[in-house]
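Participant: This one is data_34.txt, compact mmCIF, C-alpha atoms.
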# COMPACT_ATOMS: atom_id res chain seq x y z
CA MET A 1386 22.52 37.94 66.47
CA ARG A 1387 22.52 34.14 66.40
CA SER A 1388 23.03 31.96 63.30
CA GLY A 1389 22.58 34.98 61.03
CA ALA A 1390 19.32 36.16 62.58
CA LEU A 1391 18.39 38.88 65.04
CA VAL A 1392 17.20 37.18 68.24
CA GLY A 1393 17.00 40.13 70.61
CA ALA A 1394 17.24 43.90 70.87
CA GLY A 1395 16.76 46.61 73.46
CA PRO A 1396 18.49 49.23 75.58
CA ALA A 1397 21.85 48.18 77.02
CA SER A 1398 20.44 48.67 80.50
CA ASP A 1399 17.98 45.83 79.88
CA PHE A 1400 20.76 43.26 79.47
CA THR A 1401 23.01 41.45 81.90
CA ARG A 1402 25.99 39.25 81.07
CA GLU A 1403 23.82 36.21 81.73
CA SER A 1404 20.99 37.35 79.46
CA LEU A 1405 23.40 38.27 76.66
CA VAL A 1406 24.99 34.83 76.79
CA ALA A 1407 21.57 33.17 76.84
CA SER A 1408 20.52 35.11 73.73
CA MET A 1409 23.76 34.41 71.85
CA VAL A 1410 23.93 30.71 72.70
CA GLY A 1411 20.24 29.90 72.92
CA ARG A 1412 20.52 28.65 76.49
CA GLU A 1413 21.14 29.99 79.97
CA LEU A 1414 24.68 30.67 81.22
CA GLU A 1415 24.59 27.75 83.63
CA GLN A 1416 23.79 25.49 80.66
CA LEU A 1417 26.87 26.61 78.72
CA TYR A 1418 28.91 23.82 80.30
CA PRO A 1419 27.59 20.27 79.83
CA ASP A 1420 26.86 18.13 82.86
CA ARG A 1421 29.85 16.19 84.12
CA SER A 1422 29.55 12.50 83.46
CA ALA A 1423 30.85 9.88 85.82
CA ALA A 1424 34.60 9.45 85.44
CA ARG A 1425 36.14 5.98 85.52
CA PRO A 1426 38.08 6.00 88.79
CA ASP A 1427 39.03 2.33 88.56
CA ALA A 1428 40.36 2.56 85.01
CA ALA A 1429 44.09 2.57 84.30
CA PRO A 1430 45.44 6.00 83.36
CA ILE A 1431 45.88 6.86 79.71
CA LEU A 1432 48.56 9.42 80.58
CA THR A 1433 50.86 9.53 83.60
CA PHE A 1434 53.37 12.26 84.43
CA ASP A 1435 55.84 11.11 87.09
CA ALA A 1436 57.97 13.99 88.44
CA VAL A 1437 58.30 15.37 84.92
CA GLY A 1438 60.65 18.30 84.36
CA GLY A 1439 62.06 20.38 81.55
CA HIS A 1440 61.76 23.77 79.86
CA GLY A 1441 60.97 25.62 83.07
CA VAL A 1442 58.72 23.05 84.79
CA HIS A 1443 59.78 20.56 87.46
CA ASP A 1444 58.36 17.65 89.44
CA VAL A 1445 54.99 17.66 87.66
CA SER A 1446 52.98 14.55 88.51
CA LEU A 1447 49.46 13.88 87.28
CA THR A 1448 47.28 11.27 85.62
CA VAL A 1449 44.50 11.41 83.05
CA LYS A 1450 42.08 8.49 83.01
CA PRO A 1451 39.54 7.51 80.33
CA GLY A 1452 36.59 9.89 80.32
CA GLN A 1453 38.34 12.33 82.64
CA ILE A 1454 38.91 16.02 81.95
CA VAL A 1455 41.97 17.18 83.87
CA GLY A 1456 42.53 20.93 83.99
CA ILE A 1457 45.79 22.86 84.34
CA ALA A 1458 45.52 26.41 85.67
CA GLY A 1459 48.03 29.11 86.47
CA LEU A 1460 49.04 32.66 85.80
CA GLU A 1461 50.71 33.29 82.44
CA GLY A 1462 54.32 32.14 82.36
CA HIS A 1463 54.18 29.59 85.19
CA GLY A 1464 54.57 26.48 83.04
CA GLN A 1465 51.08 25.27 82.23
CA HIS A 1466 51.57 25.64 78.47
CA VAL A 1467 54.81 23.66 78.70
CA VAL A 1468 52.91 20.78 80.34
CA ALA A 1469 50.61 20.64 77.31
CA GLU A 1470 53.56 20.64 74.92
CA LEU A 1471 55.33 17.88 76.85
CA ALA A 1472 52.19 15.72 76.73
CA ALA A 1473 51.84 16.30 72.98
CA GLY A 1474 55.47 15.60 72.06
CA VAL A 1475 56.15 19.21 71.08
CA ARG A 1476 58.84 19.39 73.78
CA ARG A 1477 60.96 16.57 75.20
CA VAL A 1478 61.04 15.54 78.84
CA ARG A 1479 64.37 16.24 80.55
CA SER A 1480 63.68 14.53 83.87
CA GLY A 1481 61.07 12.19 85.27
CA SER A 1482 58.97 10.10 82.91
CA ILE A 1483 55.76 9.96 80.91
CA ALA A 1484 53.72 6.75 80.60
CA ILE A 1485 51.00 5.89 78.10
CA ASP A 1486 48.66 3.15 79.34
CA GLU A 1487 51.10 2.61 82.24
CA THR A 1488 53.98 1.88 79.85
CA ARG A 1489 56.86 4.31 79.84
CA ALA A 1490 56.97 6.27 76.61
CA LYS A 1491 59.33 8.73 74.95
CA LEU A 1492 57.29 11.29 73.06
CA ARG A 1493 60.06 12.75 70.94
CA SER A 1494 57.81 14.45 68.39
CA PRO A 1495 54.15 15.25 67.67
CA ARG A 1496 54.23 12.41 65.11
CA GLU A 1497 55.05 9.90 67.85
CA ALA A 1498 52.33 11.37 70.06
CA ILE A 1499 49.75 11.09 67.28
CA ALA A 1500 50.77 7.46 66.71
CA ALA A 1501 50.07 6.86 70.42
CA GLY A 1502 46.58 8.36 70.05
CA ILE A 1503 47.42 11.80 71.47
CA ALA A 1504 46.04 14.88 69.71
CA PHE A 1505 47.00 18.50 70.35
CA VAL A 1506 45.09 21.75 69.84
CA PRO A 1507 47.62 24.60 70.24
CA PRO A 1508 46.70 28.04 71.58
CA ASP A 1509 47.42 29.97 68.36
CA ARG A 1510 45.44 28.42 65.54
CA ARG A 1511 46.71 30.86 62.90
CA SER A 1512 50.45 30.42 63.44
CA SER A 1513 50.76 26.83 64.69
CA GLY A 1514 47.46 25.06 64.13
CA LEU A 1515 45.95 25.70 60.72
CA MET A 1516 47.32 25.94 57.18
CA LEU A 1517 45.48 29.14 56.30
CA PRO A 1518 45.99 29.13 52.50
CA LEU A 1519 44.64 25.58 52.21
CA SER A 1520 41.02 24.47 52.07
CA ILE A 1521 38.74 23.46 54.91
CA ALA A 1522 38.84 19.87 53.64
CA GLU A 1523 42.64 19.78 53.55
CA ASN A 1524 42.89 21.16 57.08
CA LEU A 1525 40.32 18.72 58.43
CA THR A 1526 41.85 15.61 56.89
CA VAL A 1527 45.57 16.27 57.35
CA ALA A 1528 45.88 14.08 60.47
CA ALA A 1529 43.78 11.24 59.02
CA ALA A 1530 45.12 11.32 55.46
CA HIS A 1531 46.76 7.89 55.66
CA ARG A 1532 43.51 6.31 56.84
CA LEU A 1533 41.33 8.08 54.27
CA HIS A 1534 43.72 7.46 51.37
CA PRO A 1535 45.62 4.21 52.15
CA SER A 1536 46.65 3.80 48.51
CA ARG A 1537 47.89 7.41 48.48
CA LEU A 1538 45.39 8.18 45.73
CA LEU A 1539 43.27 11.19 46.64
CA SER A 1540 39.53 10.52 46.65
CA ARG A 1541 37.30 13.56 47.13
CA ALA A 1542 34.28 11.29 47.56
CA VAL A 1543 35.93 9.45 50.46
CA GLU A 1544 36.93 12.77 52.03
CA GLN A 1545 33.43 14.18 51.74
CA ARG A 1546 31.83 11.12 53.33
CA ALA A 1547 34.25 11.36 56.25
CA ILE A 1548 34.15 15.09 56.91
CA ALA A 1549 30.46 15.82 56.29
CA PRO A 1550 29.25 14.44 59.66
CA VAL A 1551 32.10 16.22 61.48
CA ALA A 1552 31.20 19.56 59.88
CA GLU A 1553 27.54 19.00 60.71
CA ARG A 1554 28.23 18.01 64.31
CA LEU A 1555 30.35 21.11 64.88
CA ARG A 1556 27.82 23.32 63.06
CA LEU A 1557 30.59 24.61 60.86
CA ARG A 1558 29.63 27.65 58.77
CA TYR A 1559 31.24 27.63 55.32
CA ALA A 1560 30.57 28.22 51.63
CA SER A 1561 32.15 24.96 50.46
CA MET A 1562 34.74 22.52 51.67
CA GLU A 1563 37.13 23.97 49.09
CA GLN A 1564 36.93 27.38 50.75
CA ARG A 1565 40.24 28.53 52.24
CA VAL A 1566 40.20 28.05 55.98
CA GLY A 1567 41.77 31.49 56.41
CA GLU A 1568 38.51 33.03 55.16
CA LEU A 1569 36.46 31.62 58.03
CA SER A 1570 35.60 33.41 61.25
CA GLY A 1571 37.76 32.74 64.30
CA GLY A 1572 35.16 30.45 65.82
CA ASN A 1573 34.81 28.37 62.67
CA GLN A 1574 38.58 28.17 62.27
CA GLN A 1575 38.81 26.75 65.78
CA LYS A 1576 36.08 24.24 65.00
CA VAL A 1577 38.12 23.03 62.00
CA LEU A 1578 41.20 22.63 64.20
CA PHE A 1579 39.14 20.74 66.78
CA GLY A 1580 37.28 18.68 64.16
CA ARG A 1581 40.54 17.48 62.63
CA TRP A 1582 41.00 15.11 65.55
CA LEU A 1583 37.45 13.73 65.36
CA LEU A 1584 38.56 11.96 62.17
CA VAL A 1585 41.38 10.10 63.94
CA PRO A 1586 40.06 6.64 64.93
CA ASN A 1587 42.68 5.87 67.60
CA LEU A 1588 42.16 9.08 69.57
CA ARG A 1589 42.91 8.33 73.22
CA LEU A 1590 43.95 11.66 74.70
CA LEU A 1591 43.09 15.18 73.61
CA VAL A 1592 45.50 17.88 74.79
CA LEU A 1593 43.93 21.33 74.62
CA ASP A 1594 45.89 24.55 75.19
CA ASP A 1595 43.51 27.51 75.55
CA PRO A 1596 41.10 25.89 73.04
CA THR A 1597 38.53 28.72 73.07
CA ARG A 1598 40.85 31.74 73.02
CA GLY A 1599 39.29 34.36 70.74
CA VAL A 1600 36.18 32.24 70.15
CA ASP A 1601 32.66 33.61 70.53
CA VAL A 1602 30.34 32.17 73.14
CA GLY A 1603 28.21 30.29 70.62
CA ALA A 1604 31.20 28.40 69.19
CA ARG A 1605 32.40 27.75 72.74
CA ALA A 1606 29.14 26.02 73.61
CA GLU A 1607 29.40 23.75 70.58
CA ILE A 1608 33.03 22.87 71.31
CA TYR A 1609 32.21 22.15 74.96
CA SER A 1610 29.38 19.85 73.95
CA VAL A 1611 31.60 17.80 71.63
CA LEU A 1612 34.33 17.73 74.27
CA ARG A 1613 31.94 16.17 76.76
CA GLU A 1614 30.80 13.64 74.16
CA LEU A 1615 34.41 12.58 73.62
CA ALA A 1616 34.91 12.20 77.37
CA ASP A 1617 31.75 10.10 77.57
CA ARG A 1618 33.27 7.82 74.90
CA GLY A 1619 36.34 7.29 77.07
CA VAL A 1620 38.73 9.83 75.57
CA GLY A 1621 40.89 11.51 78.20
CA VAL A 1622 41.32 15.28 78.09
CA LEU A 1623 44.17 17.42 79.37
CA LEU A 1624 42.83 20.98 79.37
CA VAL A 1625 45.17 23.94 79.83
CA SER A 1626 43.25 27.19 80.03
CA THR A 1627 43.68 30.75 81.21
CA ASP A 1628 39.89 30.95 81.58
CA MET A 1629 39.12 29.91 85.14
CA LEU A 1630 35.37 29.66 84.51
CA GLU A 1631 36.09 27.27 81.64
CA LEU A 1632 38.20 25.07 83.89
CA ILE A 1633 35.64 25.12 86.68
CA GLY A 1634 32.83 24.37 84.23
CA LEU A 1635 34.53 21.47 82.46
CA ALA A 1636 37.30 19.86 84.50
CA ASP A 1637 36.89 16.95 86.90
CA GLU A 1638 40.02 18.10 88.73
CA ILE A 1639 42.27 21.13 88.37
CA HIS A 1640 46.01 21.25 88.98
CA VAL A 1641 47.20 24.78 89.71
CA MET A 1642 50.77 25.73 88.76
CA TYR A 1643 53.11 28.28 90.25
CA GLU A 1644 56.73 28.85 89.24
CA GLY A 1645 56.83 25.70 87.11
CA ALA A 1646 55.38 23.27 89.65
CA VAL A 1647 51.94 22.10 90.71
CA ARG A 1648 51.06 24.16 93.79
CA GLY A 1649 47.82 22.32 94.54
CA THR A 1650 44.94 20.28 93.11
CA VAL A 1651 41.24 21.01 93.57
CA PRO A 1652 38.12 19.10 92.46
CA GLY A 1653 36.42 20.81 89.55
CA HIS A 1654 32.88 20.49 90.87
CA SER A 1655 33.64 22.51 94.00
CA ALA A 1656 36.49 24.78 92.82
CA THR A 1657 36.15 28.55 93.04
CA GLU A 1658 37.98 31.34 91.23
CA GLU A 1659 39.32 32.58 94.56
CA GLU A 1660 40.73 29.15 95.44
CA ILE A 1661 42.45 28.78 92.07
CA MET A 1662 43.84 32.33 92.13
CA THR A 1663 45.18 31.83 95.64
CA LEU A 1664 47.12 28.73 94.58
CA ALA A 1665 48.24 30.37 91.34
CA SER A 1666 49.72 33.23 93.40
CA GLY A 1667 51.89 30.80 95.37
CA VAL A 1668 49.83 30.71 98.53
CA THR A 1669 49.08 27.36 100.16
CA ALA A 1670 46.92 26.53 103.13
I need this file expressed as structure tokens, please.
Facilitator:
Amino acid sequence: MRSGALVGAGPASDFTRESLVASMVGRELEQLYPDRSAARPDAAPILTFDAVGGHGVHDVSLTVKPGQIVGIAGLEGHGQHVVAELAAGVRRVRSGSIAIDETRAKLRSPREAIAAGIAFVPPDRRSSGLMLPLSIAENLTVAAAHRLHPSRLLSRAVEQRAIAPVAERLRLRYASMEQRVGELSGGNQQKVLFGRWLLVPNLRLLVLDDPTRGVDVGARAEIYSVLRELADRGVGVLLVSTDMLELIGLADEIHVMYEGAVRGTVPGHSATEEEIMTLASGVTA
């Protein structure tokens, strides 16, 4: 099935993983991940970690430049999710420093991170990302409410003009914008969580923590496409993922963590699952 229609059928023996993905997405598996665009190697970093430590991680150093997708890999429990939370102001740095645009910054809360142009997509959309009893419109506009309603007077017309192109770009499936977001499929819920940040005009850095966990392959393809568009516009991306193929397919470089520290860094275009798993197991060359 794709977009509510039957697009293929046959004995299970006739299908491979690649052909199933191609049928579900409407493209071949190798086309699931958009082409990498040229990063901006001479640009100043948006985000800099300098020997950052705290909450089980230590001496983490990395940079994210405009248009760059930087991946963080590692086995569960080795600190990669903490790195995302430190970058998004969910946790506070205990040692080392974080810089935004090469200026030292103290991200003491998500509010301060958002003010600096940093957005965060957490790994569990239902418990820490979305407000399930509220509408799609309310969930989409929560981060941009001050911009959409500067006088603090709610205008549904203003909301609709702002969110309609976002919903269309993400191919969001819904009955109406007043539908409760908790009634949507997992993939459409994740699109709402992702689309929330497309309404923020000062978006500089997008921090993603397992952004396609529990999302079908069709929704993944749409999210990946928008992610690449943002990178092409100069938004930096810090991508934490437990899906090695996702990291290899999207990231320009991948930092691999082991026991709370970066064990090694590999270029995304030439990385292999074996190389990442070796580093994630604590083995170095």
Participant: May I have the protein, DNA and RNA residues with an atom at most 9 Å from (53.0, 34.3, 85.3), counting all atoms listed in the file in the file's coordinates, returned as a PyMOL selection string?
Facilitator: chain A and resi 1459-1464+1643-1644+1665-1666
Participant: So, with all atoms listed in the file as the atoms that count, which of A:Val1445, A:Ala1606, A:Ala1500, A:Leu1578 lies closest to Met1642 (chain A)?
Facilitator: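 Checking each of A:Val1445, A:Ala1606, A:Ala1500, A:Leu1578 against Met1642 (chain A), counting all atoms listed in the file, the winner is A:Val1445.
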Participant: Name the residues in contact with Leu1447 (chain A) at a cut-off of 7 Å, using all atoms listed in the file, excluding same-chain residues fewer than 5 positions from it; report them as a list in words.
Facilitator: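 Returned residues: Thr1433, Phe1434 and Asp1435 of chain A.
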Participant: Next, write the just-selected residues to a file, as a CSV table (one decimal), in the coordinates of the input, keeping C-alpha atoms as the atom set.
Facilitator:
chain,number,residue,atom,x,y,z
A,1433,THR,CA,50.9,9.5,83.6
A,1434,PHE,CA,53.4,12.3,84.4
A,1435,ASP,CA,55.8,11.1,87.1
Participant: Which residues, protein or nucleic acid, reach to within 12 Å of (20.8, 34.9, 62.0) in the file's coordinates when using all atoms listed in the file, and can you give that as a list in words?
Facilitator: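 Applying the cut-off with all atoms listed in the file, one gets Met1386, Arg1387, Ser1388, Gly1389, Ala1390, Leu1391, Val1392, Gly1393, Ser1408, Met1409, Val1410 and Arg1558 of chain A.
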Participant: Of the residues A:Tyr1559, A:Phe1579, A:Tyr1418, A:Phe1400, which is the one nearest to Arg1510 (chain A), using all atoms listed in the file?
Facilitator: A:Phe1579
Participant: One number please: CA of Arg1613 (chain A) to CA of Asp1486 (chain A), in Å, one decimal.
Facilitator: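 Separating CA of Arg1613 (chain A) from CA of Asp1486 (chain A) is a distance of 21.3 Å.
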Participant: Any idea what the distance is between CA of Arg1605 (chain A) and CA of Gly1456 (chain A)?
Facilitator: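 Atom-to-atom, CA of Arg1605 (chain A) to CA of Gly1456 (chain A), that is 16.6 Å.
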Participant: Report, in Å with one decimal, the straight-line distance from CA of Glu1607 (chain A) to CA of Arg1425 (chain A).
Facilitator: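 So the answer is 24.2 Å.
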Participant: Given the choices A:Gly1645, A:Gly1514, A:Gly1653, A:Gly1572, which gets closest to Gly1667 (chain A) if the distance is worked out from all atoms listed in the file?
Facilitator: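 Of A:Gly1645, A:Gly1514, A:Gly1653, A:Gly1572, the one nearest Gly1667 (chain A) is A:Gly1645, counting all atoms listed in the file.
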Participant: List every residue of region 1546-1623 of chain A that has an atom at most 10 Å from any atom of region 1470-1485 of chain A, giving for each one its closest atom pair and the distance in Å to one decimal, counting all atoms listed in the file, sorted by chain and then by ascending residue number, as JSON lines.
Facilitator:
{"residue": "A:Arg1589", "atom": "CA", "partner": "A:Ile1485", "partner_atom": "CA", "distance": 9.8}
{"residue": "A:Leu1590", "atom": "CA", "partner": "A:Ala1473", "partner_atom": "CA", "distance": 9.3}
{"residue": "A:Leu1591", "atom": "CA", "partner": "A:Ala1473", "partner_atom": "CA", "distance": 8.8}
{"residue": "A:Val1592", "atom": "CA", "partner": "A:Ala1473", "partner_atom": "CA", "distance": 6.8}
{"residue": "A:Leu1593", "atom": "CA", "partner": "A:Ala1473", "partner_atom": "CA", "distance": 9.5}
{"residue": "A:Asp1594", "atom": "CA", "partner": "A:Glu1470", "partner_atom": "CA", "distance": 8.6}
{"residue": "A:Leu1623", "atom": "CA", "partner": "A:Ala1472", "partner_atom": "CA", "distance": 8.6}
Participant: Which residue gives the smallest distance to Glu1631 (chain A) among A:Ala1547, A:Ile1608, A:Ile1499, A:Met1516, with all atoms listed in the file counted?
Facilitator: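 Checking each candidate against Glu1631 (chain A), we get A:Ile1608 as the closest.
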Participant: Go through A:Leu1405, A:Ala1469, A:Val1647, A:Leu1517 and flag the residue nearest Glu1568 (chain A), using all atoms listed in the file for the distances.
Facilitator: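 Checking each candidate against Glu1568 (chain A), we get A:Leu1517 as the closest.
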Participant: In terms of the shortest atom-to-atom distance over only C-alpha atoms, which of A:Leu1555, A:Ala1428, A:Val1527, A:Ile1457 is closest to Asp1628 (chain A)?
Facilitator: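 Looking at the shortest contact to Asp1628 (chain A), the residue is A:Ile1457.
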Participant: Please provide as a ChimeraX atom specification all residues within 10 Å of Val1551 (chain A), with the sequence filter that same-chain residues fewer than 5 positions apart are discarded (counting all atoms listed in the file).
Facilitator: /A:1525,1546,1556-1557,1576-1577,1579-1584
Participant: Can you take region 1544-1555 of chain A from the block and write all heavy atoms as an mmCIF file, in the first residue's frame?
Facilitator:
data_model
loop_
_atom_site.group_PDB
_atom_site.id
_atom_site.type_symbol
_atom_site.label_atom_id
_atom_site.label_comp_id
_atom_site.auth_asym_id
_atom_site.auth_seq_id
_atom_site.Cartn_x
_atom_site.Cartn_y
_atom_site.Cartn_z
ATOM 1 N N GLU A 1544 -2.685 31.518 11.386
ATOM 2 C CA GLU A 1544 -2.160 30.165 11.604
ATOM 3 C C GLU A 1544 -2.270 29.329 10.343
ATOM 4 O O GLU A 1544 -1.319 28.664 9.926
ATOM 5 C CB GLU A 1544 -2.921 29.472 12.735
ATOM 6 C CG GLU A 1544 -2.437 29.796 14.114
ATOM 7 C CD GLU A 1544 -3.022 28.857 15.156
ATOM 8 O OE1 GLU A 1544 -3.912 28.056 14.811
ATOM 9 O OE2 GLU A 1544 -2.606 28.924 16.328
ATOM 10 N N GLN A 1545 -3.446 29.356 9.733
ATOM 11 C CA GLN A 1545 -3.672 28.524 8.554
ATOM 12 C C GLN A 1545 -2.743 28.899 7.411
ATOM 13 O O GLN A 1545 -2.218 28.027 6.710
ATOM 14 C CB GLN A 1545 -5.139 28.626 8.106
ATOM 15 C CG GLN A 1545 -6.130 27.931 9.027
ATOM 16 C CD GLN A 1545 -5.901 26.433 9.089
ATOM 17 O OE1 GLN A 1545 -5.502 25.803 8.115
ATOM 18 N NE2 GLN A 1545 -6.133 25.843 10.256
ATOM 19 N N ARG A 1546 -2.523 30.195 7.215
ATOM 20 C CA ARG A 1546 -1.623 30.632 6.138
ATOM 21 C C ARG A 1546 -0.196 30.156 6.402
ATOM 22 O O ARG A 1546 0.551 29.857 5.460
ATOM 23 C CB ARG A 1546 -1.659 32.152 5.997
ATOM 24 C CG ARG A 1546 -2.904 32.680 5.325
ATOM 25 C CD ARG A 1546 -2.724 34.114 4.869
ATOM 26 N NE ARG A 1546 -2.503 35.029 5.990
ATOM 27 C CZ ARG A 1546 -3.479 35.650 6.647
ATOM 28 N NH1 ARG A 1546 -4.735 35.451 6.296
ATOM 29 N NH2 ARG A 1546 -3.197 36.467 7.639
ATOM 30 N N ALA A 1547 0.188 30.099 7.665
ATOM 31 C CA ALA A 1547 1.551 29.694 8.004
ATOM 32 C C ALA A 1547 1.745 28.185 7.913
ATOM 33 O O ALA A 1547 2.766 27.710 7.419
ATOM 34 C CB ALA A 1547 1.902 30.191 9.406
ATOM 35 N N ILE A 1548 0.772 27.426 8.402
ATOM 36 C CA ILE A 1548 0.977 25.981 8.513
ATOM 37 C C ILE A 1548 0.584 25.208 7.263
ATOM 38 O O ILE A 1548 1.049 24.083 7.070
ATOM 39 C CB ILE A 1548 0.237 25.399 9.743
ATOM 40 C CG1 ILE A 1548 -1.271 25.570 9.609
ATOM 41 C CG2 ILE A 1548 0.756 26.034 11.009
ATOM 42 C CD1 ILE A 1548 -2.037 25.082 10.827
ATOM 43 N N ALA A 1549 -0.238 25.807 6.399
ATOM 44 C CA ALA A 1549 -0.675 25.070 5.201
ATOM 45 C C ALA A 1549 0.498 24.628 4.330
ATOM 46 O O ALA A 1549 0.560 23.456 3.924
ATOM 47 C CB ALA A 1549 -1.666 25.915 4.394
ATOM 48 N N PRO A 1550 1.469 25.501 4.004
ATOM 49 C CA PRO A 1550 2.584 25.041 3.174
ATOM 50 C C PRO A 1550 3.466 24.009 3.874
ATOM 51 O O PRO A 1550 4.042 23.139 3.216
ATOM 52 C CB PRO A 1550 3.361 26.322 2.871
ATOM 53 C CG PRO A 1550 2.940 27.312 3.896
ATOM 54 C CD PRO A 1550 1.536 26.961 4.245
ATOM 55 N N VAL A 1551 3.569 24.087 5.210
ATOM 56 C CA VAL A 1551 4.363 23.104 5.943
ATOM 57 C C VAL A 1551 3.698 21.738 5.866
ATOM 58 O O VAL A 1551 4.352 20.720 5.604
ATOM 59 C CB VAL A 1551 4.540 23.540 7.412
ATOM 60 C CG1 VAL A 1551 5.171 22.421 8.236
ATOM 61 C CG2 VAL A 1551 5.384 24.793 7.485
ATOM 62 N N ALA A 1552 2.375 21.708 6.086
ATOM 63 C CA ALA A 1552 1.641 20.443 6.003
ATOM 64 C C ALA A 1552 1.722 19.848 4.607
ATOM 65 O O ALA A 1552 1.882 18.632 4.437
ATOM 66 C CB ALA A 1552 0.184 20.668 6.405
ATOM 67 N N GLU A 1553 1.653 20.723 3.594
ATOM 68 C CA GLU A 1553 1.737 20.230 2.211
ATOM 69 C C GLU A 1553 3.132 19.710 1.904
ATOM 70 O O GLU A 1553 3.285 18.648 1.280
ATOM 71 C CB GLU A 1553 1.376 21.362 1.243
ATOM 72 C CG GLU A 1553 1.391 20.941 -0.221
ATOM 73 C CD GLU A 1553 1.003 22.071 -1.155
ATOM 74 O OE1 GLU A 1553 0.688 23.177 -0.665
ATOM 75 O OE2 GLU A 1553 1.009 21.843 -2.377
ATOM 76 N N ARG A 1554 4.160 20.424 2.347
ATOM 77 C CA ARG A 1554 5.529 19.986 2.054
ATOM 78 C C ARG A 1554 5.842 18.646 2.698
ATOM 79 O O ARG A 1554 6.543 17.814 2.129
ATOM 80 C CB ARG A 1554 6.520 21.052 2.553
ATOM 81 C CG ARG A 1554 7.982 20.658 2.351
ATOM 82 C CD ARG A 1554 8.295 20.474 0.882
ATOM 83 N NE ARG A 1554 9.575 19.846 0.643
ATOM 84 C CZ ARG A 1554 9.779 18.532 0.630
ATOM 85 N NH1 ARG A 1554 8.783 17.690 0.861
ATOM 86 N NH2 ARG A 1554 10.979 18.051 0.361
ATOM 87 N N LEU A 1555 5.316 18.424 3.899
ATOM 88 C CA LEU A 1555 5.576 17.168 4.596
ATOM 89 C C LEU A 1555 4.598 16.058 4.202
ATOM 90 O O LEU A 1555 4.693 14.948 4.712
ATOM 91 C CB LEU A 1555 5.502 17.399 6.111
ATOM 92 C CG LEU A 1555 6.649 18.206 6.714
ATOM 93 C CD1 LEU A 1555 6.337 18.579 8.157
ATOM 94 C CD2 LEU A 1555 7.958 17.441 6.637
#
